[in-house]
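What follows is a single structure, written as structure tokens, with notes after it.
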Amino acid sequence: MIEIRNLSFNYEDSEETLKNINLSINKHEKVSIIGKSGCGKTTLLLLLAGIYKPTSGEIYINDKLLTNVRKETGIIFQSGGLFPWKTVYQNLSLAIKSNNSNITKTEMNEKIDNVLRELDIYEHKHKYLKELSGGQIQRVAIERILVMNVDLLLMDEPSSSLDALTKDAFQNTMLELYKKHDLTSIIITHDIEEAVYLGQKIIVMKDGYIHSIIDNEFYGDKDAKKTIQFYEKCIEVRKHLE
Amino acid sequence: MKRLYGLVSFIVFWYLISLVTKAVIPYPHDVIRSFLTLYPKELHIHTLASSRRLIIGLIISVVLGVHLGIWLGLSKKAEALLQPLIYILYPIPKAALLPIFIILFGIGDLTKIILIVVIVIFPIIINIKDAIQAIPNEYFYVARSLNLSKSQMYKDMIIPAILPKLFTTLRISIGIAIAVLYLSENFATFEGLGYYITIYMTNKLKLFCGILALSLVGYILFLIVEFLEKKLCKWV
Ligand SMILES: Nc1ncnc2c1ncn2[C@@H]1O[C@H](COP(=O)(O)OP(=O)(O)O)[C@@H](O)[C@H]1O
Ligand SMILES: [Mg+2]
């Protein structure tokens, strides 16, 4: 699905942010990326989204050279990246229209209602973001992805502004969605448990390069966090980070 | 309700001041009574002239200032090119240039409007530029990833993002514009509340009727801005 070859990147007149990255990610694979703040995770994500162009090297998605943003790629940011000046409904309809400009109003309403019900926030349809909690905002952000029929989901620290309990709920929602929808998914996190809980593969980044790729046998087990082995895995990942 | 409370406390305050100053500042009931007779007789001409200059000046300032502010906020090149110039021009006391403006643009409305624009436009440009630069990068990324067209980008992101700041700036600008207008109407004109207030410096009642009229114009503009803000910035 994703093929990154000899990718390097630097922002205008600063030193290299990403250094010769090679990586392949299979179709429907769920990947976590973890690394210290400033190591280039967000930059890598923006490149994968087609928002920035590589300084050198290439990214292929479904065997096609990535040169621009793709309709089928969805992104969720830390704040959700929803527009606060739009209601839940308006945020979702903007996303749908951007993907499918000739959708009828009835089709659109039906689509929006369906996802709002799936994630249980139908009653907030016409609210602005300020009236929602952090967890609800993230669910709307997820919904915005679901209504767009994406095949690749990129998330940049989506749970980092949530409190511990909401974070658990968020992770469980993600796990359910992973099972229900055939997505390739990349989640950036600086939370080791989250990386182990939500990633089949855990990619550890350091100073702009990929330090290691760890296979994770605990992915997909809803009850993994109740086992010692899960935490042993977390300790293993932590060692790679140091 | 809040407005009624404001009005009542304003009038009580006014009475107190009149009492304390031993009617150097005339009592509200006297001023309001003369206002009601003077307005249809002569004040309305001056009020309309002032309102016209004020509104045109503010509209031109907003249209130009918002465009320039957006441009400066979005383009690093424009910022590098224009910002130093703006910072040099900003503190120049433009009101002192009024005689020059009169020579250049005549004694008509144009001079008064231009004086308002060259003063009010600066805070608008600077505030809008700041508002643009305060938009989180995430929103630009989202706009890119949703593949928004240029016009959608303005309509769905940039304009709404700067609106709250624009309204705040606008309210401040109204106050500045009124002060500037008062000054400019003291020169080379026979119409306008600034002129009216100055020629009746020695007629206390007429003087205060003029002040009341100018204040009302400002107050009504304030209410209009507040109304628009409530309508357009529900999400704040
Ligand atoms: N827009 C930008 N312009 C210049 N440098 C940037 C920009 N964004 C990030 N950087 C720099 O690139 C490096 C990697 O940043 P980032 O990808 O955001 O790291 P992470 O997401 O892992 O915390 C940092 O040193 C950061 O300062
Ligand atoms: Mg980051």
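Identifiers in the structure tokens: chain A, B, ... in order shown; residue index from 1 per chain; ligand index from 1 in order shown.
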
| request: Within 9 Å of ligand 2, which residues show up when you count only C-alpha atoms and all ligand atoms? List them as a count of residues only, please. | output: 13

| said: Which residues are near ligand 1 in this structure, taking near to mean any atom at most 12 Å from a ligand atom and counting only C-alpha atoms and all ligand atoms? Format them as number ranges by chain. | reply: A: 9-19, 33-47, 51-52, 77-78, 155-157, 187-190, 204-210; B: 136-138, 140-141

Filtering to N, CA and C atoms, could you give me those residues as a short mmCIF file (atom, residue, chain, number, x, y, z; two decimals), in the first residue's frame?
```
data_model
loop_
_atom_site.label_atom_id
_atom_site.label_comp_id
_atom_site.auth_asym_id
_atom_site.auth_seq_id
_atom_site.Cartn_x
_atom_site.Cartn_y
_atom_site.Cartn_z
N PHE A 9 13.83 15.00 3.76
CA PHE A 9 13.06 16.23 3.73
C PHE A 9 13.68 17.26 4.64
N ASN A 10 13.77 18.51 4.16
CA ASN A 10 14.07 19.60 5.09
C ASN A 10 13.18 20.80 4.80
N TYR A 11 12.79 21.48 5.88
CA TYR A 11 12.04 22.71 5.74
C TYR A 11 12.99 23.75 5.18
N GLU A 12 12.43 24.80 4.55
CA GLU A 12 13.24 25.88 3.98
C GLU A 12 14.43 26.20 4.89
N ASP A 13 15.55 26.28 4.28
CA ASP A 13 16.82 26.62 4.92
C ASP A 13 16.99 26.17 6.38
N SER A 14 16.51 24.97 6.68
CA SER A 14 16.90 24.37 7.97
C SER A 14 17.54 23.03 7.64
N GLU A 15 18.16 22.44 8.65
CA GLU A 15 18.85 21.18 8.34
C GLU A 15 17.85 20.04 8.11
N GLU A 16 18.38 18.90 7.70
CA GLU A 16 17.51 17.80 7.30
C GLU A 16 16.61 17.33 8.46
N THR A 17 15.32 17.33 8.23
CA THR A 17 14.37 16.89 9.25
C THR A 17 14.15 15.38 9.16
N LEU A 18 14.05 14.89 7.92
CA LEU A 18 13.92 13.44 7.73
C LEU A 18 15.10 12.96 6.90
N LYS A 19 15.70 11.84 7.33
CA LYS A 19 16.94 11.39 6.70
C LYS A 19 16.79 10.00 6.12
N ILE A 33 3.52 4.95 15.07
CA ILE A 33 4.84 5.58 15.01
C ILE A 33 5.07 6.29 16.34
N ILE A 34 6.21 6.01 16.92
CA ILE A 34 6.49 6.61 18.22
C ILE A 34 7.89 7.20 18.19
N GLY A 35 8.10 8.24 18.95
CA GLY A 35 9.42 8.88 18.96
C GLY A 35 9.34 10.16 19.75
N LYS A 36 10.51 10.65 20.14
CA LYS A 36 10.52 11.86 20.98
C LYS A 36 10.03 13.06 20.20
N SER A 37 9.56 14.04 20.93
CA SER A 37 9.09 15.28 20.32
C SER A 37 10.20 15.89 19.46
N GLY A 38 9.84 16.29 18.24
CA GLY A 38 10.81 16.94 17.37
C GLY A 38 11.60 15.99 16.48
N CYS A 39 11.29 14.68 16.55
CA CYS A 39 12.08 13.73 15.76
C CYS A 39 11.57 13.62 14.32
N GLY A 40 10.48 14.30 14.00
CA GLY A 40 10.05 14.33 12.60
C GLY A 40 8.79 13.53 12.29
N LYS A 41 8.07 13.10 13.31
CA LYS A 41 6.87 12.29 13.07
C LYS A 41 5.80 13.04 12.28
N THR A 42 5.50 14.26 12.76
CA THR A 42 4.47 15.04 12.07
C THR A 42 4.88 15.34 10.64
N THR A 43 6.15 15.66 10.46
CA THR A 43 6.65 15.94 9.11
C THR A 43 6.43 14.74 8.19
N LEU A 44 6.75 13.56 8.71
CA LEU A 44 6.56 12.34 7.91
C LEU A 44 5.08 12.18 7.53
N LEU A 45 4.22 12.45 8.48
CA LEU A 45 2.79 12.31 8.23
C LEU A 45 2.31 13.29 7.15
N LEU A 46 2.82 14.53 7.23
CA LEU A 46 2.40 15.53 6.25
C LEU A 46 2.90 15.16 4.86
N LEU A 47 4.07 14.53 4.80
CA LEU A 47 4.57 14.05 3.51
C LEU A 47 3.70 12.92 2.98
N ILE A 51 0.82 16.74 1.61
CA ILE A 51 0.75 18.18 1.89
C ILE A 51 2.12 18.82 1.66
N TYR A 52 3.18 18.13 2.02
CA TYR A 52 4.53 18.57 1.67
C TYR A 52 5.11 17.62 0.62
N PHE A 77 -5.92 15.31 13.39
CA PHE A 77 -4.86 16.00 14.14
C PHE A 77 -5.17 15.97 15.63
N GLN A 78 -4.20 16.47 16.38
CA GLN A 78 -4.34 16.49 17.83
C GLN A 78 -5.63 17.17 18.28
N MET A 155 -3.10 9.65 11.59
CA MET A 155 -3.49 10.35 12.81
C MET A 155 -2.25 10.88 13.52
N ASP A 156 -2.29 12.17 13.88
CA ASP A 156 -1.16 12.78 14.57
C ASP A 156 -1.52 13.05 16.03
N GLU A 157 -1.05 12.21 16.90
CA GLU A 157 -1.31 12.33 18.34
C GLU A 157 -2.77 12.66 18.64
N ILE A 187 -0.88 5.71 13.11
CA ILE A 187 -1.14 6.60 14.23
C ILE A 187 0.18 7.03 14.86
N ILE A 188 0.34 8.33 15.00
CA ILE A 188 1.51 8.86 15.70
C ILE A 188 1.12 9.06 17.15
N THR A 189 2.00 8.69 18.04
CA THR A 189 1.67 8.85 19.44
C THR A 189 2.97 8.98 20.23
N HIS A 190 2.91 9.62 21.39
CA HIS A 190 4.10 9.51 22.23
C HIS A 190 3.75 8.70 23.49
N VAL A 204 9.76 2.98 15.55
CA VAL A 204 10.40 3.92 16.47
C VAL A 204 11.26 4.88 15.67
N MET A 205 10.98 6.15 15.81
CA MET A 205 11.76 7.17 15.10
C MET A 205 12.69 7.91 16.05
N LYS A 206 13.84 8.29 15.51
CA LYS A 206 14.82 9.06 16.29
C LYS A 206 15.48 10.07 15.36
N ASP A 207 15.52 11.31 15.76
CA ASP A 207 16.25 12.35 15.01
C ASP A 207 16.09 12.26 13.49
N GLY A 208 14.90 11.99 13.03
CA GLY A 208 14.66 12.05 11.59
C GLY A 208 14.90 10.77 10.82
N TYR A 209 15.27 9.71 11.52
CA TYR A 209 15.37 8.43 10.79
C TYR A 209 14.60 7.35 11.54
N ILE A 210 14.42 6.21 10.86
CA ILE A 210 13.70 5.12 11.50
C ILE A 210 14.69 4.28 12.28
N PRO B 136 -3.99 28.18 13.44
CA PRO B 136 -3.09 27.04 13.61
C PRO B 136 -2.78 26.37 12.27
N ASN B 137 -1.53 25.92 12.13
CA ASN B 137 -1.14 25.22 10.91
C ASN B 137 -2.08 24.09 10.56
N GLU B 138 -2.57 23.41 11.60
CA GLU B 138 -3.48 22.28 11.38
C GLU B 138 -4.61 22.63 10.42
N PHE B 140 -4.66 24.82 8.04
CA PHE B 140 -4.19 24.89 6.66
C PHE B 140 -3.99 23.47 6.10
N TYR B 141 -3.48 22.57 6.96
CA TYR B 141 -3.29 21.20 6.50
C TYR B 141 -4.64 20.55 6.18
#
```

At a cut-off of 12 Å, can you tabulate as CSV every residue of region 32-123 of chain B near region 168-177 of chain B together with its closest atom pair and the distance in Å to one decimal, using only C-alpha atoms and ordering rows by chain then number?
```
residue,atom,partner,partner_atom,distance
B:Ser50,CA,B:Ala177,CA,10.7
B:Ser51,CA,B:Ala177,CA,10.8
B:Arg53,CA,B:Ala177,CA,9.6
B:Leu54,CA,B:Ala177,CA,6.8
B:Ile55,CA,B:Ile174,CA,9.3
B:Ile56,CA,B:Ala177,CA,10.9
B:Gly57,CA,B:Ala177,CA,8.1
B:Leu58,CA,B:Ala177,CA,7.6
B:Ile59,CA,B:Leu170,CA,10.0
B:Ser61,CA,B:Ser173,CA,9.3
B:Val62,CA,B:Leu170,CA,8.0
B:Val63,CA,B:Leu170,CA,11.6
B:Gly65,CA,B:Thr169,CA,10.9
B:Val66,CA,B:Thr169,CA,10.8
B:Ala95,CA,B:Ala177,CA,11.3
B:Lys112,CA,B:Ala177,CA,10.2
B:Ile113,CA,B:Ala177,CA,9.5
B:Ile114,CA,B:Ala177,CA,11.0
B:Leu115,CA,B:Ala177,CA,9.0
B:Ile116,CA,B:Ala177,CA,5.7
B:Val117,CA,B:Ala177,CA,8.4
B:Val118,CA,B:Ala177,CA,10.2
B:Ile119,CA,B:Ala177,CA,7.8
B:Val120,CA,B:Ser173,CA,5.9
B:Ile121,CA,B:Ser173,CA,8.5
B:Phe122,CA,B:Ser173,CA,9.8
B:Pro123,CA,B:Thr169,CA,7.1
```

| task | Could the residues of chain A within 10 Å of chain B, counting only C-alpha atoms, be given as a PyMOL selection string, please? | result | chain A and resi 46+49-52+68-87+91+94-99+127-131+148

| said: Could you tell me how far CA of Met1 (chain A) sits from CA of Cys234 (chain A), in Å to one decimal place? | reply: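 Separation between CA of Cys234 (chain A) and CA of Met1 (chain A): 27.0 Å.
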
| request: From the DSSP assignment of the backbone, select every residue of region 20-236 of chain A that is strand (DSSP E), and format the answer as a ChimeraX atom specification. | output: /A:20-25,30-35,56-61,64-65,73-76,152-156,184-189,201-206,209-215
